[in-house]
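Novice: Okay, here's the structure, questions in a sec.
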Amino acid sequence: MQKILIVDDHPLFREAVCSSIRQAFESAEVLEARNLQETVEIISDNSDIDLVLLDLNIPDTTGFNGLLTIRTQHPKLPVVVVSGNDDRRIVAEALSYGVVGFIPKSSPKSMLKEAILETLDGGVFLPPSYQRDANDEESGSEGGNDLAQQLATLTPQQFRVLRMLSEGKLNKQIAYELSVGETTVKAHVSAILRKLKVYSRTQAVIKAQNIEFENVLASGED
């Protein structure tokens, strides 16, 4: 059962987000906070929260201070920013603070559901327009040498996970084959996305489609 915390001072918006969560996970437990103080208290009382959906504009904090407070006190807790301002600079700054997603408040319910599923599965969700722009920038400046350097930062276990992602396997299947927990797999996926500078599992698979995994893994196990 998933446990998700919604942080927003508007009851109607919290209700809409809650509805999207229920569509994705019927048995999900949804917690709600109206400000930063309530957020900190709820997180402290619930160590098993899987995801925080955070509005940057809540009453008792300004700018990114609320996000920084959460990230400082609970660095391993996944946080997705839900904001009415989706300016590229805001999205980029949120990413620099380690969020696992950014959802514009104008997004349809289907996108919110997609974002929740993606982030709970260890991925990073960004607005489609931001992803397109980022891909355009990368295609113009990033070559094979850059990809090789990025791949060199992956551990052998992360290579195995990437190979299994390329085979279309789910987290639970990867966890079974590697004899690890799903939480560990999610952590590996997040690290892979960060190191390859992509924002979704699909992008990671596309970027790594020409890798000869068996040769790489064999050379790393000498």
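Identifiers for the structure tokens are assigned positionally: chains receive A, B, ... in sequence, residues are indexed from 1 per chain, and ligands are indexed from 1 in the order shown.
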Enumerate, as a count of residues only, the complete set of residues in segment 2-206 of chain A that a backbone-based DSSP assignment places in helix (DSSP H, G or I).

Specialist: 117

Novice: Could you find all residues in segment 28-81 of chain A that DSSP calls strand (DSSP E) from the backbone, and write them as a ChimeraX atom specification?

Specialist: /A:29-33,51-54,79-81

Novice: Take the residues from that selection and put them in a file with C-alpha atoms, as an mmCIF file, in the first residue's frame.

Specialist:
data_model
loop_
_atom_site.group_PDB
_atom_site.id
_atom_site.type_symbol
_atom_site.label_atom_id
_atom_site.label_comp_id
_atom_site.auth_asym_id
_atom_site.auth_seq_id
_atom_site.Cartn_x
_atom_site.Cartn_y
_atom_site.Cartn_z
ATOM 1 C CA GLU A 29 -3.188 6.041 2.033
ATOM 2 C CA VAL A 30 -3.279 9.789 1.412
ATOM 3 C CA LEU A 31 -2.076 12.274 4.022
ATOM 4 C CA GLU A 32 -2.648 16.017 3.759
ATOM 5 C CA ALA A 33 -0.806 19.080 5.048
ATOM 6 C CA LEU A 51 6.161 10.263 -1.878
ATOM 7 C CA VAL A 52 5.550 13.941 -1.093
ATOM 8 C CA LEU A 53 3.646 16.142 -3.545
ATOM 9 C CA LEU A 54 4.702 19.658 -2.564
ATOM 10 C CA VAL A 79 9.584 14.870 -3.367
ATOM 11 C CA VAL A 80 7.628 16.011 -6.408
ATOM 12 C CA VAL A 81 6.981 19.739 -6.803
#

Novice: Restricting the calculation to only C-alpha atoms: of A:Leu126, A:Ser107, A:Leu56, A:Ile70, which residue gets closest to Ser83 of chain A?

Specialist: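 Closest to Ser83 of chain A, using only C-alpha atoms: A:Leu56.
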
Novice: With only C-alpha atoms as the counted atoms, please give the residues lying no more than 8 Å from segment 160-169 of chain A, apart from itself and same-chain residues fewer than 6 positions off, as a list in words.

Specialist: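 The neighbour list is Val185, His188, Val189, Ile192, Arg201, Ala204, Val205, Ala208, Gln209, Phe213 and Leu217 of chain A.
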
Novice: Atoms to include: N, CA and C atoms. Write the selected residues as a compact mmCIF listing (two decimals), in the first residue's frame.

Specialist:
# COMPACT_ATOMS: atom_id res chain seq x y z
N VAL A 185 16.11 -1.58 -6.01
CA VAL A 185 16.02 -1.42 -7.46
C VAL A 185 15.63 0.01 -7.81
N HIS A 188 18.56 2.21 -7.56
CA HIS A 188 19.46 2.04 -8.71
C HIS A 188 18.91 2.77 -9.94
N VAL A 189 17.61 2.65 -10.17
CA VAL A 189 16.99 3.32 -11.33
C VAL A 189 17.17 4.82 -11.23
N ILE A 192 20.69 5.69 -12.06
CA ILE A 192 20.95 5.53 -13.50
C ILE A 192 20.43 6.74 -14.27
N ARG A 201 12.55 6.20 -17.50
CA ARG A 201 13.09 4.89 -17.84
C ARG A 201 13.18 4.72 -19.36
N ALA A 204 16.14 6.43 -20.76
CA ALA A 204 17.36 5.68 -20.41
C ALA A 204 17.55 4.50 -21.36
N VAL A 205 16.46 3.79 -21.64
CA VAL A 205 16.53 2.64 -22.53
C VAL A 205 16.93 3.07 -23.94
N ALA A 208 20.57 3.95 -24.15
CA ALA A 208 21.49 2.83 -23.98
C ALA A 208 21.23 1.70 -24.97
N GLN A 209 20.45 1.97 -26.02
CA GLN A 209 20.00 0.87 -26.89
C GLN A 209 21.14 0.18 -27.66
N PHE A 213 25.80 -5.01 -23.48
CA PHE A 213 25.84 -5.19 -22.03
C PHE A 213 26.72 -6.36 -21.60
N LEU A 217 29.73 -5.94 -18.92
CA LEU A 217 29.65 -6.61 -17.63
C LEU A 217 30.78 -7.62 -17.47

Novice: Could you tell me how far atom CA of Gln158 of chain A lies from atom CA of Ala115 of chain A, in Å and to one decimal?

Specialist: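 Distance reported for this atom pair: 23.1 Å.
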
Novice: Smallest atom-to-atom distance to Ala148 of chain A: which of A:Lys195, A:Glu26, A:Phe13, A:Glu118, using only C-alpha atoms?

Specialist: A:Lys195

Novice: So which one's closest to Ser200 of chain A, A:Asp86, A:Asp121, A:Asp48, A:Asp55? Using only C-alpha atoms, please.

Specialist: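 Result for the nearest residue to Ser200 of chain A: A:Asp121.
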
Novice: Calculated over only C-alpha atoms, which of the candidates A:Glu114, A:Asp9, A:Glu182, A:Asp87 has the smallest distance to Asp60 of chain A?

Specialist: A:Asp9

Novice: Pick the closest to Leu112 of chain A from A:Leu154, A:Val82, A:Ile206, A:Ile49: which is it, counting only C-alpha atoms?

Specialist: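 Of A:Leu154, A:Val82, A:Ile206, A:Ile49, the one nearest Leu112 of chain A is A:Val82, counting only C-alpha atoms.
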
Novice: Any idea what the distance is between atom CA of Gly123 of chain A and atom CA of Gly101 of chain A?

Specialist: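 Computing it gives 8.3 Å between the two atoms.
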
Novice: Give me the residues near Val40 of chain A as a PDB file with N, CA, C and O atoms, in the first residue's frame, where near means some atom within 12 Å (using only C-alpha atoms) and where sequence neighbours in that chain fewer than 2 positions away do not count.

Specialist:
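Result file is out.pdb:
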ATOM      1  N   LEU A   5       1.897  11.921   0.695  1.00  0.00           N
ATOM      2  CA  LEU A   5       1.559  13.166   1.399  1.00  0.00           C
ATOM      3  C   LEU A   5       1.365  14.298   0.393  1.00  0.00           C
ATOM      4  O   LEU A   5       2.244  14.579  -0.423  1.00  0.00           O
ATOM      5  N   VAL A   7       0.902  18.283  -0.010  1.00  0.00           N
ATOM      6  CA  VAL A   7       1.133  19.535   0.719  1.00  0.00           C
ATOM      7  C   VAL A   7       0.627  20.698  -0.129  1.00  0.00           C
ATOM      8  O   VAL A   7       1.248  21.066  -1.130  1.00  0.00           O
ATOM      9  N   GLU A  32      -2.550  14.649   4.251  1.00  0.00           N
ATOM     10  CA  GLU A  32      -2.648  16.017   3.759  1.00  0.00           C
ATOM     11  C   GLU A  32      -2.054  16.999   4.766  1.00  0.00           C
ATOM     12  O   GLU A  32      -2.203  16.843   5.974  1.00  0.00           O
ATOM     13  N   ALA A  33      -1.364  18.010   4.220  1.00  0.00           N
ATOM     14  CA  ALA A  33      -0.806  19.080   5.048  1.00  0.00           C
ATOM     15  C   ALA A  33      -1.084  20.409   4.357  1.00  0.00           C
ATOM     16  O   ALA A  33      -1.053  20.500   3.129  1.00  0.00           O
ATOM     17  N   ARG A  34      -1.329  21.453   5.180  1.00  0.00           N
ATOM     18  CA  ARG A  34      -1.661  22.771   4.623  1.00  0.00           C
ATOM     19  C   ARG A  34      -0.472  23.722   4.623  1.00  0.00           C
ATOM     20  O   ARG A  34      -0.492  24.741   3.943  1.00  0.00           O
ATOM     21  N   ASN A  35       0.540  23.414   5.398  1.00  0.00           N
ATOM     22  CA  ASN A  35       1.696  24.309   5.499  1.00  0.00           C
ATOM     23  C   ASN A  35       2.942  23.504   5.846  1.00  0.00           C
ATOM     24  O   ASN A  35       2.885  22.282   6.021  1.00  0.00           O
ATOM     25  N   LEU A  36       4.068  24.197   5.966  1.00  0.00           N
ATOM     26  CA  LEU A  36       5.335  23.515   6.208  1.00  0.00           C
ATOM     27  C   LEU A  36       5.381  22.871   7.587  1.00  0.00           C
ATOM     28  O   LEU A  36       5.890  21.757   7.745  1.00  0.00           O
ATOM     29  N   GLN A  37       4.863  23.553   8.592  1.00  0.00           N
ATOM     30  CA  GLN A  37       4.892  22.999   9.946  1.00  0.00           C
ATOM     31  C   GLN A  37       4.152  21.665  10.008  1.00  0.00           C
ATOM     32  O   GLN A  37       4.659  20.687  10.564  1.00  0.00           O
ATOM     33  N   GLU A  38       2.950  21.619   9.420  1.00  0.00           N
ATOM     34  CA  GLU A  38       2.189  20.372   9.402  1.00  0.00           C
ATOM     35  C   GLU A  38       2.951  19.296   8.618  1.00  0.00           C
ATOM     36  O   GLU A  38       2.966  18.125   8.999  1.00  0.00           O
ATOM     37  N   ILE A  42       4.023  15.676  10.086  1.00  0.00           N
ATOM     38  CA  ILE A  42       3.481  14.449   9.501  1.00  0.00           C
ATOM     39  C   ILE A  42       4.601  13.519   9.047  1.00  0.00           C
ATOM     40  O   ILE A  42       4.562  12.309   9.270  1.00  0.00           O
ATOM     41  N   ILE A  43       5.624  14.083   8.406  1.00  0.00           N
ATOM     42  CA  ILE A  43       6.744  13.257   7.946  1.00  0.00           C
ATOM     43  C   ILE A  43       7.473  12.618   9.134  1.00  0.00           C
ATOM     44  O   ILE A  43       7.864  11.449   9.090  1.00  0.00           O
ATOM     45  N   SER A  44       7.612  13.386  10.209  1.00  0.00           N
ATOM     46  CA  SER A  44       8.289  12.857  11.403  1.00  0.00           C
ATOM     47  C   SER A  44       7.506  11.716  12.034  1.00  0.00           C
ATOM     48  O   SER A  44       8.092  10.783  12.596  1.00  0.00           O
ATOM     49  N   ASP A  45       6.162  11.791  11.911  1.00  0.00           N
ATOM     50  CA  ASP A  45       5.299  10.760  12.509  1.00  0.00           C
ATOM     51  C   ASP A  45       5.051   9.582  11.578  1.00  0.00           C
ATOM     52  O   ASP A  45       4.454   8.588  11.990  1.00  0.00           O
ATOM     53  N   ASN A  46       5.468   9.708  10.307  1.00  0.00           N
ATOM     54  CA  ASN A  46       5.206   8.646   9.330  1.00  0.00           C
ATOM     55  C   ASN A  46       6.486   8.377   8.531  1.00  0.00           C
ATOM     56  O   ASN A  46       6.709   8.944   7.459  1.00  0.00           O
ATOM     57  N   SER A  47       7.312   7.499   9.048  1.00  0.00           N
ATOM     58  CA  SER A  47       8.598   7.215   8.408  1.00  0.00           C
ATOM     59  C   SER A  47       8.447   6.392   7.129  1.00  0.00           C
ATOM     60  O   SER A  47       9.429   6.220   6.383  1.00  0.00           O
ATOM     61  N   VAL A  52       6.126  12.657  -1.510  1.00  0.00           N
ATOM     62  CA  VAL A  52       5.550  13.941  -1.093  1.00  0.00           C
ATOM     63  C   VAL A  52       5.262  14.767  -2.340  1.00  0.00           C
ATOM     64  O   VAL A  52       6.135  14.945  -3.190  1.00  0.00           O
ATOM     65  N   LEU A  54       4.515  18.392  -3.271  1.00  0.00           N
ATOM     66  CA  LEU A  54       4.702  19.658  -2.564  1.00  0.00           C
ATOM     67  C   LEU A  54       4.417  20.871  -3.445  1.00  0.00           C
ATOM     68  O   LEU A  54       5.032  21.043  -4.503  1.00  0.00           O
ATOM     69  N   ASP A  60       3.517  29.301   5.286  1.00  0.00           N
ATOM     70  CA  ASP A  60       4.582  29.623   6.247  1.00  0.00           C
ATOM     71  C   ASP A  60       5.987  29.450   5.687  1.00  0.00           C
ATOM     72  O   ASP A  60       6.939  29.211   6.434  1.00  0.00           O
ATOM     73  N   GLY A  66      10.800  25.812   1.767  1.00  0.00           N
ATOM     74  CA  GLY A  66      10.082  24.638   2.251  1.00  0.00           C
ATOM     75  C   GLY A  66      10.674  23.354   1.706  1.00  0.00           C
ATOM     76  O   GLY A  66      10.873  22.375   2.436  1.00  0.00           O
ATOM     77  N   LEU A  67      10.965  23.359   0.420  1.00  0.00           N
ATOM     78  CA  LEU A  67      11.592  22.197  -0.209  1.00  0.00           C
ATOM     79  C   LEU A  67      12.945  21.906   0.420  1.00  0.00           C
ATOM     80  O   LEU A  67      13.277  20.756   0.719  1.00  0.00           O
ATOM     81  N   LEU A  68      13.730  22.940   0.645  1.00  0.00           N
ATOM     82  CA  LEU A  68      15.049  22.761   1.249  1.00  0.00           C
ATOM     83  C   LEU A  68      14.945  22.178   2.652  1.00  0.00           C
ATOM     84  O   LEU A  68      15.763  21.347   3.050  1.00  0.00           O
ATOM     85  N   THR A  69      13.941  22.613   3.400  1.00  0.00           N
ATOM     86  CA  THR A  69      13.737  22.085   4.751  1.00  0.00           C
ATOM     87  C   THR A  69      13.484  20.586   4.704  1.00  0.00           C
ATOM     88  O   THR A  69      14.092  19.807   5.452  1.00  0.00           O
ATOM     89  N   ILE A  70      12.599  20.169   3.804  1.00  0.00           N
ATOM     90  CA  ILE A  70      12.271  18.749   3.690  1.00  0.00           C
ATOM     91  C   ILE A  70      13.476  17.952   3.209  1.00  0.00           C
ATOM     92  O   ILE A  70      13.805  16.889   3.749  1.00  0.00           O
ATOM     93  N   ARG A  71      14.182  18.465   2.197  1.00  0.00           N
ATOM     94  CA  ARG A  71      15.321  17.757   1.641  1.00  0.00           C
ATOM     95  C   ARG A  71      16.459  17.642   2.650  1.00  0.00           C
ATOM     96  O   ARG A  71      17.164  16.637   2.704  1.00  0.00           O
ATOM     97  N   THR A  72      16.615  18.672   3.485  1.00  0.00           N
ATOM     98  CA  THR A  72      17.676  18.647   4.493  1.00  0.00           C
ATOM     99  C   THR A  72      17.370  17.657   5.605  1.00  0.00           C
ATOM    100  O   THR A  72      18.238  16.879   6.033  1.00  0.00           O
ATOM    101  N   GLN A  73      16.130  17.666   6.069  1.00  0.00           N
ATOM    102  CA  GLN A  73      15.749  16.798   7.188  1.00  0.00           C
ATOM    103  C   GLN A  73      15.514  15.352   6.751  1.00  0.00           C
ATOM    104  O   GLN A  73      15.728  14.423   7.530  1.00  0.00           O
ATOM    105  N   HIS A  74      15.060  15.170   5.504  1.00  0.00           N
ATOM    106  CA  HIS A  74      14.741  13.821   5.020  1.00  0.00           C
ATOM    107  C   HIS A  74      15.272  13.652   3.597  1.00  0.00           C
ATOM    108  O   HIS A  74      14.500  13.612   2.620  1.00  0.00           O
TER     109      HIS A  74
END
